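Undergrad: Have a peek at my_file.txt (compact mmCIF, C-alpha atoms).
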# COMPACT_ATOMS: atom_id res chain seq x y z
CA MET W 283 2.17 1.70 8.21
CA ARG W 284 1.50 2.12 4.51
CA LEU W 285 2.97 -0.04 1.80
CA PRO W 286 6.09 1.42 0.17
CA ALA W 287 5.25 3.55 -2.87
CA CYS W 288 7.32 1.27 -5.13
CA VAL W 289 8.25 -2.37 -4.53
CA LEU W 290 10.66 -4.36 -6.69
CA ILE W 291 10.27 -8.15 -6.71
CA THR W 292 12.95 -10.43 -8.11
CA GLY W 293 12.00 -13.92 -9.23
CA ALA W 294 8.59 -12.58 -10.24
CA CYS W 295 7.78 -15.62 -12.38
CA GLY W 296 8.55 -18.10 -9.60
CA ASN W 297 6.19 -19.72 -7.13
CA LEU W 298 6.54 -17.08 -4.42
CA GLY W 299 7.07 -14.15 -6.76
CA MET W 300 3.89 -14.70 -8.75
CA LYS W 301 1.81 -15.06 -5.60
CA LEU W 302 3.22 -11.89 -4.06
CA ALA W 303 2.93 -9.85 -7.26
CA ARG W 304 -0.74 -10.78 -7.62
CA HIS W 305 -1.33 -9.86 -3.97
CA LEU W 306 0.25 -6.40 -4.32
CA GLN W 307 -1.05 -5.59 -7.81
CA GLY W 308 -2.94 -2.31 -7.85
CA ARG W 309 -1.97 -1.44 -4.28
CA THR W 310 1.50 -0.05 -4.97
CA ARG W 311 3.77 0.48 -7.97
CA LEU W 312 5.48 -2.79 -8.80
CA VAL W 313 8.75 -3.41 -10.63
CA LEU W 314 9.01 -7.09 -11.54
CA LEU W 315 12.22 -8.85 -12.61
CA ASP W 316 12.87 -12.41 -13.71
CA ARG W 317 15.29 -14.20 -15.98
CA VAL W 318 12.32 -15.18 -18.19
CA GLY W 319 10.00 -12.53 -19.54
CA SER W 320 6.25 -12.16 -19.35
CA ASP W 321 3.72 -9.36 -19.54
CA GLY W 322 4.86 -6.57 -17.26
CA ILE W 323 8.00 -8.45 -16.16
CA HIS W 324 11.46 -7.20 -17.12
CA VAL W 325 13.97 -9.82 -18.25
CA ALA W 326 17.10 -9.72 -16.11
CA ASP W 327 19.94 -12.16 -15.55
CA LEU W 328 20.74 -11.01 -12.04
CA SER W 329 23.82 -13.21 -11.82
CA CYS W 330 25.53 -10.83 -14.29
CA TRP W 331 25.82 -7.13 -13.51
CA GLY W 332 24.06 -5.25 -16.28
CA ASP W 333 21.63 -2.55 -17.35
CA TRP W 334 18.85 -4.16 -15.30
CA VAL W 335 20.29 -2.14 -12.42
CA ARG W 336 18.38 0.89 -13.71
CA TYR W 337 15.10 -0.65 -12.60
CA PHE W 338 16.08 0.01 -8.97
CA GLN W 339 15.81 3.77 -9.46
CA GLY W 340 13.02 5.15 -7.27
CA VAL W 341 12.34 1.80 -5.55
CA GLU W 342 11.58 1.97 -1.81
CA ALA W 343 11.63 -1.75 -1.02
CA VAL W 344 13.08 -4.87 -2.62
CA VAL W 345 11.76 -8.39 -2.07
CA HIS W 346 14.52 -10.71 -3.28
CA LEU W 347 12.88 -14.04 -4.13
CA ALA W 348 15.01 -14.96 -7.15
CA GLY W 349 17.27 -17.98 -6.98
CA ASP W 350 17.45 -21.70 -7.64
CA PRO W 351 14.71 -23.14 -5.38
CA VAL W 352 15.85 -26.77 -5.61
CA ALA W 353 17.32 -27.36 -2.18
CA TYR W 354 19.33 -30.46 -3.12
CA HIS W 355 21.20 -28.82 -5.98
CA ASP W 356 24.96 -28.47 -5.58
CA TRP W 357 27.40 -25.62 -6.08
CA PRO W 358 27.57 -25.64 -9.92
CA GLU W 359 23.82 -24.94 -10.12
CA LEU W 360 23.71 -22.56 -7.14
CA LEU W 361 26.63 -20.18 -7.52
CA GLY W 362 25.10 -18.00 -10.21
CA PRO W 363 21.46 -17.68 -9.10
CA ASN W 364 21.94 -17.94 -5.33
CA VAL W 365 25.28 -16.23 -4.72
CA ASP W 366 26.22 -13.95 -7.63
CA ALA W 367 22.65 -12.72 -8.15
CA MET W 368 22.14 -12.15 -4.45
CA LEU W 369 25.30 -10.04 -4.19
CA ASN W 370 24.35 -8.03 -7.28
CA VAL W 371 20.82 -7.31 -6.04
CA TYR W 372 22.04 -6.12 -2.64
CA GLU W 373 24.52 -3.78 -4.34
CA ALA W 374 21.98 -2.46 -6.85
CA ALA W 375 19.59 -1.70 -3.99
CA ALA W 376 22.27 0.09 -1.98
CA MET W 377 23.42 2.11 -5.00
CA HIS W 378 19.92 3.45 -5.55
CA GLY W 379 19.11 4.21 -1.94
CA VAL W 380 16.52 1.46 -1.38
CA ARG W 381 15.22 1.82 2.17
CA ARG W 382 14.18 -1.79 2.92
CA PHE W 383 15.41 -5.14 1.62
CA ILE W 384 13.57 -8.41 2.28
CA PHE W 385 15.74 -11.45 1.66
CA ALA W 386 14.16 -14.86 1.11
CA SER W 387 16.28 -17.03 3.35
CA SER W 388 15.25 -20.59 4.16
CA ASN W 389 14.38 -23.04 6.90
CA HIS W 390 17.29 -25.11 5.56
CA VAL W 391 19.66 -22.74 7.37
CA MET W 392 18.53 -24.52 10.56
CA GLY W 393 18.09 -27.98 9.04
CA GLY W 394 20.69 -29.55 11.32
CA TYR W 395 18.31 -29.18 14.26
CA GLN W 396 15.98 -31.80 12.80
CA ASP W 397 17.68 -34.66 14.65
CA GLY W 398 18.80 -32.75 17.73
CA PRO W 399 17.11 -32.24 21.10
CA PRO W 400 13.52 -31.00 20.73
CA VAL W 401 14.30 -27.40 21.67
CA PRO W 402 12.40 -24.45 20.18
CA ILE W 403 14.06 -23.23 17.00
CA THR W 404 14.57 -19.52 17.56
CA GLU W 405 16.48 -17.06 15.41
CA SER W 406 19.12 -16.71 18.13
CA LEU W 407 20.26 -20.34 17.88
CA PRO W 408 23.53 -20.89 16.00
CA PRO W 409 22.84 -21.85 12.37
CA LYS W 410 23.13 -25.51 11.39
CA PRO W 411 22.86 -25.44 7.58
CA GLY W 412 21.67 -28.48 5.67
CA LEU W 413 18.83 -30.96 5.88
CA ARG W 414 18.61 -34.63 4.93
CA TYR W 415 15.26 -35.50 3.39
CA THR W 416 13.49 -37.47 0.66
CA ALA W 417 12.29 -35.84 -2.57
CA ASP W 418 11.10 -37.57 -5.74
CA GLY W 419 11.91 -40.91 -4.17
CA ALA W 420 15.59 -40.14 -3.57
CA GLU W 421 17.59 -39.20 -0.47
CA ARG W 422 18.69 -35.57 -0.62
CA PHE W 423 20.93 -33.17 1.30
CA SER W 424 20.59 -29.39 1.19
CA GLY W 425 24.01 -28.41 2.56
CA ALA W 426 25.13 -26.21 -0.36
CA TYR W 427 21.71 -24.57 -0.78
CA ALA W 428 21.47 -23.83 2.93
CA ALA W 429 24.97 -22.33 2.90
CA THR W 430 23.96 -19.88 0.13
CA LYS W 431 20.99 -18.75 2.21
CA LEU W 432 23.08 -18.32 5.35
CA PHE W 433 25.57 -16.31 3.30
CA GLY W 434 22.72 -14.12 2.06
CA GLU W 435 21.70 -13.42 5.65
CA ARG W 436 25.22 -12.37 6.58
CA VAL W 437 25.56 -10.17 3.51
CA GLY W 438 22.28 -8.53 4.50
CA ARG W 439 23.63 -7.82 7.96
CA HIS W 440 26.72 -6.26 6.37
CA TYR W 441 24.65 -3.97 4.14
CA ALA W 442 22.48 -2.95 7.08
CA LEU W 443 25.54 -2.01 9.13
CA THR W 444 27.58 -0.34 6.40
CA ARG W 445 25.07 1.04 3.89
CA GLY W 446 22.13 1.94 6.12
CA MET W 447 19.50 -0.33 4.55
CA GLU W 448 16.85 -2.01 6.65
CA VAL W 449 17.21 -5.75 5.97
CA ILE W 450 14.83 -8.53 6.99
CA ALA W 451 15.94 -12.10 6.35
CA VAL W 452 12.92 -14.42 6.38
CA ARG W 453 13.62 -18.10 6.99
CA ILE W 454 10.72 -19.21 4.86
CA GLY W 455 9.06 -22.50 5.66
CA TRP W 456 7.51 -24.90 3.16
CA VAL W 457 5.39 -23.16 0.52
CA TRP W 458 4.28 -25.80 -1.95
CA ARG W 459 4.03 -24.70 -5.58
CA GLY W 460 0.62 -24.30 -7.12
CA ILE W 461 -2.22 -25.35 -4.83
CA ASN W 462 -0.53 -24.97 -1.48
CA GLU W 463 -2.98 -26.81 0.77
CA PRO W 464 -2.21 -29.58 3.33
CA GLU W 465 -3.98 -32.26 1.28
CA HIS W 466 -1.73 -31.54 -1.71
CA LEU W 467 1.59 -31.80 0.14
CA PRO W 468 3.73 -34.82 -0.85
CA ALA W 469 3.73 -37.38 1.95
CA GLU W 470 7.34 -38.42 1.29
CA ARG W 471 8.61 -35.18 2.83
CA GLY W 472 7.46 -36.36 6.25
CA GLN W 473 6.41 -34.60 9.42
CA TRP W 474 9.40 -32.25 9.61
CA PHE W 475 8.35 -30.52 6.40
CA ARG W 476 4.66 -30.50 7.27
CA ASN W 477 5.40 -28.83 10.59
CA MET W 478 7.10 -25.92 8.83
CA TRP W 479 4.36 -25.44 6.24
CA LEU W 480 3.57 -21.85 5.27
CA SER W 481 0.19 -21.30 3.65
CA ASP W 482 -0.20 -18.82 0.81
CA ARG W 483 -2.42 -16.63 2.99
CA ASP W 484 0.16 -16.53 5.79
CA PHE W 485 3.05 -16.02 3.36
CA LEU W 486 1.39 -12.98 1.83
CA HIS W 487 0.50 -11.57 5.24
CA LEU W 488 4.08 -12.08 6.41
CA MET W 489 5.51 -10.31 3.35
CA GLU W 490 3.15 -7.40 3.88
CA CYS W 491 4.26 -7.19 7.52
CA CYS W 492 7.88 -7.14 6.35
CA LEU W 493 7.10 -4.28 3.98
CA THR W 494 5.22 -2.12 6.48
CA ALA W 495 6.44 -2.75 10.04
CA SER W 496 8.66 -0.32 11.94
CA LEU W 497 11.94 -1.97 12.91
CA PRO W 498 13.83 -1.44 16.18
CA GLU W 499 17.13 -2.22 14.42
CA ARG W 500 18.31 -2.23 10.83
CA PHE W 501 18.80 -6.01 10.59
CA LEU W 502 16.31 -8.69 11.56
CA ILE W 503 15.96 -12.45 11.07
CA VAL W 504 12.53 -14.03 11.42
CA ASN W 505 11.10 -17.52 11.08
CA GLY W 506 8.30 -17.74 8.53
CA MET W 507 5.86 -20.60 9.10
CA SER W 508 2.13 -20.92 9.64
CA ALA W 509 0.76 -21.52 13.15
CA ASN W 510 1.30 -25.27 12.96
CA THR W 511 0.39 -27.20 16.09
CA SER W 512 3.36 -28.81 17.87
CA MET W 513 6.01 -27.38 15.55
CA ARG W 514 9.39 -26.42 17.00
CA TRP W 515 9.74 -23.23 14.98
CA ASP W 516 9.34 -20.19 17.21
CA LEU W 517 7.38 -17.28 15.70
CA THR W 518 7.77 -14.86 18.60
CA THR W 519 10.06 -12.45 16.77
CA ALA W 520 7.82 -12.23 13.71
CA ARG W 521 4.74 -11.81 15.88
CA THR W 522 6.10 -9.16 18.25
CA ILE W 523 8.27 -7.07 15.93
CA LEU W 524 6.48 -7.41 12.60
CA GLY W 525 2.92 -7.90 13.81
CA TYR W 526 2.67 -11.26 12.02
CA SER W 527 -0.52 -13.13 12.92
CA PRO W 528 -0.67 -16.46 11.07
CA GLN W 529 -4.12 -17.94 10.54
CA ASP W 530 -3.46 -21.44 9.23
CA ASP W 531 -2.35 -24.76 10.70
CA VAL W 532 -1.28 -27.74 8.61
CA HIS W 533 -2.94 -30.05 11.15
CA ARG W 534 -6.30 -28.29 11.12
CA ALA W 535 -8.70 -28.24 8.18
CA ARG W 536 -9.47 -24.76 6.87
Hey, can you dump this file as C-alpha cells for me?

TA:
Amino acid sequence: MRLPACVLITGACGNLGMKLARHLQGRTRLVLLDRVGSDGIHVADLSCWGDWVRYFQGVEAVVHLAGDPVAYHDWPELLGPNVDAMLNVYEAAAMHGVRRFIFASSNHVMGGYQDGPPVPITESLPPKPGLRYTADGAERFSGAYAATKLFGERVGRHYALTRGMEVIAVRIGWVWRGINEPEHLPAERGQWFRNMWLSDRDFLHLMECCLTASLPERFLIVNGMSANTSMRWDLTTARTILGYSPQDDVHRAR
C-alpha cells in the first residue's frame, strides 16, 4: 500500500521523531509538532488543549511519539506529557477524522516478565508493567512510565471501538539516541535491554509498515524489536499482519 498522503508526527524533535521525519521527508506531506520549535516544526504543548488542534485537519495518519522518554521518572514528570498529551492527541485525531493512529507504547509494559519463566513474550500475555534496571549508575524502576504506556494502549483500543480509527500500539524496544549501533549501547543496561534492541533501520521499516499495511481489525498491538538472536520477544504478529521484516541483530555485526 502507499504511504498516507499526510502524516502528522508528534515529538518531532525527539530521538524517534527526528529519525522518522528524515525518513519520510519528500515522500509524503508531513506535519511536525513538538513542544520546542525548529525549522518546519510547529510548537505545541500537547498537554494543554489549544489551537494546535488545527494542524490535524486533512491528516490521514498520526504517529504519536511525543512524551517524556525517561522510563524511571515518576508521576509528577509523566502526567502532563505522557497522559494529558496522549489523551489530547487521540481526541484531536478523532475530531478531524484521522484514519490511522500509531501509538508509541513501550517494552516496559511487559517489564515484569524479565524475571519470570523464559516463555515467549507475545502480545496476548497479560501486561506486567514496570522494569527494574540500572541507568547512569543507579537502580531504577519504570512502574509509573510503563503504566502510562499501558493506559495509552487501552485508550487506543477505546478510540478504535468507539470512534472508528485504526490504532496500532507498538511496544517499541530499545532505540538508543544518536548513533544507535550495538557497540555504542551502554553495558550497564545488561542483556535484557540488548535483547530488545531496535536498530534505526528496523525502526523506520516498522513505522512504514504501520503506516501502509492493511489491518484485519481496527486495533492491534505489536512488539517492535530487531531480529535479535535468542530474545524472548515474539515478532510473529508484526511479521504476519504488518509485513515487518527486521534485518538487524544486536549479536551479529552489520

Undergrad: One number please: atom CA of Ala287 of chain W to atom CA of Glu448 of chain W, in Å, one decimal.

TA: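 Going from atom CA of Ala287 of chain W over to atom CA of Glu448 of chain W covers 16.0 Å.
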
Undergrad: Taking all atoms listed in the file into account, which of W:Ser512, W:Thr416, W:Asn370, W:Ser320 comes nearest Phe338 of chain W?

TA: W:Asn370

Undergrad: I need the residue nearest Ser388 of chain W from this list: W:Glu421, W:Val318, W:Met507, W:Cys330. Use all atoms listed in the file for the distance.

TA: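 Distance minimum relative to Ser388 of chain W lands on W:Met507.
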
Undergrad: Between atom CA of Gly308 of chain W and atom CA of Ser527 of chain W, what is the distance, to one decimal in Å?

TA: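 Distance reported for this atom pair: 23.5 Å.
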
Undergrad: If you measure from atom CA of Leu502 of chain W to atom CA of Met368 of chain W, what distance in Å do you get, rounded to one decimal?

TA: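 Spanning atom CA of Leu502 of chain W to atom CA of Met368 of chain W is a straight-line distance of 17.4 Å.
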
Undergrad: So, counting only C-alpha atoms, which residue among W:Phe501, W:Phe423, W:Tyr395, W:Trp331 is closest to Asp356 of chain W?

TA: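 Checking each of W:Phe501, W:Phe423, W:Tyr395, W:Trp331 against Asp356 of chain W, counting only C-alpha atoms, the winner is W:Phe423.
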
Undergrad: At a cut-off of 12 Å from (0.9, -29.0, 0.7) in the coordinates of the file, what residues are picked up using only C-alpha atoms, written as a PyMOL selection string?

TA: chain W and resi 455-473+475-482+531-533

Undergrad: Store the residues picked out above, limited to C-alpha atoms, as a PDB file, in the coordinates of the input.

TA:
ATOM      1  CA  GLY W 455       9.060 -22.500   5.660  1.00  0.00           C
ATOM      2  CA  TRP W 456       7.510 -24.900   3.160  1.00  0.00           C
ATOM      3  CA  VAL W 457       5.390 -23.160   0.520  1.00  0.00           C
ATOM      4  CA  TRP W 458       4.280 -25.800  -1.950  1.00  0.00           C
ATOM      5  CA  ARG W 459       4.030 -24.700  -5.580  1.00  0.00           C
ATOM      6  CA  GLY W 460       0.620 -24.300  -7.120  1.00  0.00           C
ATOM      7  CA  ILE W 461      -2.220 -25.350  -4.830  1.00  0.00           C
ATOM      8  CA  ASN W 462      -0.530 -24.970  -1.480  1.00  0.00           C
ATOM      9  CA  GLU W 463      -2.980 -26.810   0.770  1.00  0.00           C
ATOM     10  CA  PRO W 464      -2.210 -29.580   3.330  1.00  0.00           C
ATOM     11  CA  GLU W 465      -3.980 -32.260   1.280  1.00  0.00           C
ATOM     12  CA  HIS W 466      -1.730 -31.540  -1.710  1.00  0.00           C
ATOM     13  CA  LEU W 467       1.590 -31.800   0.140  1.00  0.00           C
ATOM     14  CA  PRO W 468       3.730 -34.820  -0.850  1.00  0.00           C
ATOM     15  CA  ALA W 469       3.730 -37.380   1.950  1.00  0.00           C
ATOM     16  CA  GLU W 470       7.340 -38.420   1.290  1.00  0.00           C
ATOM     17  CA  ARG W 471       8.610 -35.180   2.830  1.00  0.00           C
ATOM     18  CA  GLY W 472       7.460 -36.360   6.250  1.00  0.00           C
ATOM     19  CA  GLN W 473       6.410 -34.600   9.420  1.00  0.00           C
ATOM     20  CA  PHE W 475       8.350 -30.520   6.400  1.00  0.00           C
ATOM     21  CA  ARG W 476       4.660 -30.500   7.270  1.00  0.00           C
ATOM     22  CA  ASN W 477       5.400 -28.830  10.590  1.00  0.00           C
ATOM     23  CA  MET W 478       7.100 -25.920   8.830  1.00  0.00           C
ATOM     24  CA  TRP W 479       4.360 -25.440   6.240  1.00  0.00           C
ATOM     25  CA  LEU W 480       3.570 -21.850   5.270  1.00  0.00           C
ATOM     26  CA  SER W 481       0.190 -21.300   3.650  1.00  0.00           C
ATOM     27  CA  ASP W 482      -0.200 -18.820   0.810  1.00  0.00           C
ATOM     28  CA  ASP W 531      -2.350 -24.760  10.700  1.00  0.00           C
ATOM     29  CA  VAL W 532      -1.280 -27.740   8.610  1.00  0.00           C
ATOM     30  CA  HIS W 533      -2.940 -30.050  11.150  1.00  0.00           C
TER      31      HIS W 533
END

Undergrad: Check the smallest atom-to-atom distance from each of W:Arg514, W:Arg382, W:His324, W:Arg309 to Val341 of chain W using all atoms listed in the file, then report the winner.

TA: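 Going through W:Arg514, W:Arg382, W:His324, W:Arg309 one by one, the smallest distance to Val341 of chain W is for W:Arg382.
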
Undergrad: Add whatever atoms are absent from segment 348-359 of chain W to reach N, CA, C and O atoms, and provide the output as a JSON list (two decimals), keeping the file's coordinate frame.

TA:
[["chain", "number", "residue", "atom", "x", "y", "z"],
["W", 348, "ALA", "N", 14.36, -14.24, -6.06],
["W", 348, "ALA", "CA", 15.01, -14.96, -7.15],
["W", 348, "ALA", "C", 16.05, -15.92, -6.61],
["W", 348, "ALA", "O", 16.66, -15.69, -5.56],
["W", 349, "GLY", "N", 16.26, -17.00, -7.35],
["W", 349, "GLY", "CA", 17.27, -17.98, -6.98],
["W", 349, "GLY", "C", 16.84, -19.37, -7.40],
["W", 349, "GLY", "O", 15.68, -19.60, -7.77],
["W", 350, "ASP", "N", 17.77, -20.29, -7.36],
["W", 350, "ASP", "CA", 17.45, -21.70, -7.64],
["W", 350, "ASP", "C", 16.73, -22.26, -6.41],
["W", 350, "ASP", "O", 17.32, -22.33, -5.33],
["W", 351, "PRO", "N", 15.47, -22.68, -6.55],
["W", 351, "PRO", "CA", 14.71, -23.14, -5.38],
["W", 351, "PRO", "C", 14.91, -24.61, -5.04],
["W", 351, "PRO", "O", 14.33, -25.09, -4.05],
["W", 352, "VAL", "N", 15.69, -25.33, -5.84],
["W", 352, "VAL", "CA", 15.85, -26.77, -5.61],
["W", 352, "VAL", "C", 16.91, -26.97, -4.53],
["W", 352, "VAL", "O", 18.10, -26.81, -4.76],
["W", 353, "ALA", "N", 16.44, -27.36, -3.35],
["W", 353, "ALA", "CA", 17.32, -27.36, -2.18],
["W", 353, "ALA", "C", 18.42, -28.41, -2.24],
["W", 353, "ALA", "O", 19.41, -28.29, -1.52],
["W", 354, "TYR", "N", 18.28, -29.44, -3.06],
["W", 354, "TYR", "CA", 19.33, -30.46, -3.12],
["W", 354, "TYR", "C", 20.33, -30.21, -4.25],
["W", 354, "TYR", "O", 21.24, -31.03, -4.45],
["W", 355, "HIS", "N", 20.19, -29.13, -4.97],
["W", 355, "HIS", "CA", 21.20, -28.82, -5.98],
["W", 355, "HIS", "C", 22.54, -28.50, -5.32],
["W", 355, "HIS", "O", 22.61, -28.10, -4.17],
["W", 356, "ASP", "N", 23.61, -28.67, -6.10],
["W", 356, "ASP", "CA", 24.96, -28.47, -5.58],
["W", 356, "ASP", "C", 25.55, -27.18, -6.15],
["W", 356, "ASP", "O", 24.91, -26.47, -6.92],
["W", 357, "TRP", "N", 26.78, -26.90, -5.78],
["W", 357, "TRP", "CA", 27.40, -25.62, -6.08],
["W", 357, "TRP", "C", 27.36, -25.21, -7.55],
["W", 357, "TRP", "O", 27.12, -24.03, -7.85],
["W", 358, "PRO", "N", 27.59, -26.10, -8.51],
["W", 358, "PRO", "CA", 27.57, -25.64, -9.92],
["W", 358, "PRO", "C", 26.25, -24.99, -10.31],
["W", 358, "PRO", "O", 26.22, -24.03, -11.09],
["W", 359, "GLU", "N", 25.12, -25.51, -9.80],
["W", 359, "GLU", "CA", 23.82, -24.94, -10.12],
["W", 359, "GLU", "C", 23.50, -23.70, -9.29],
["W", 359, "GLU", "O", 22.71, -22.84, -9.70]]
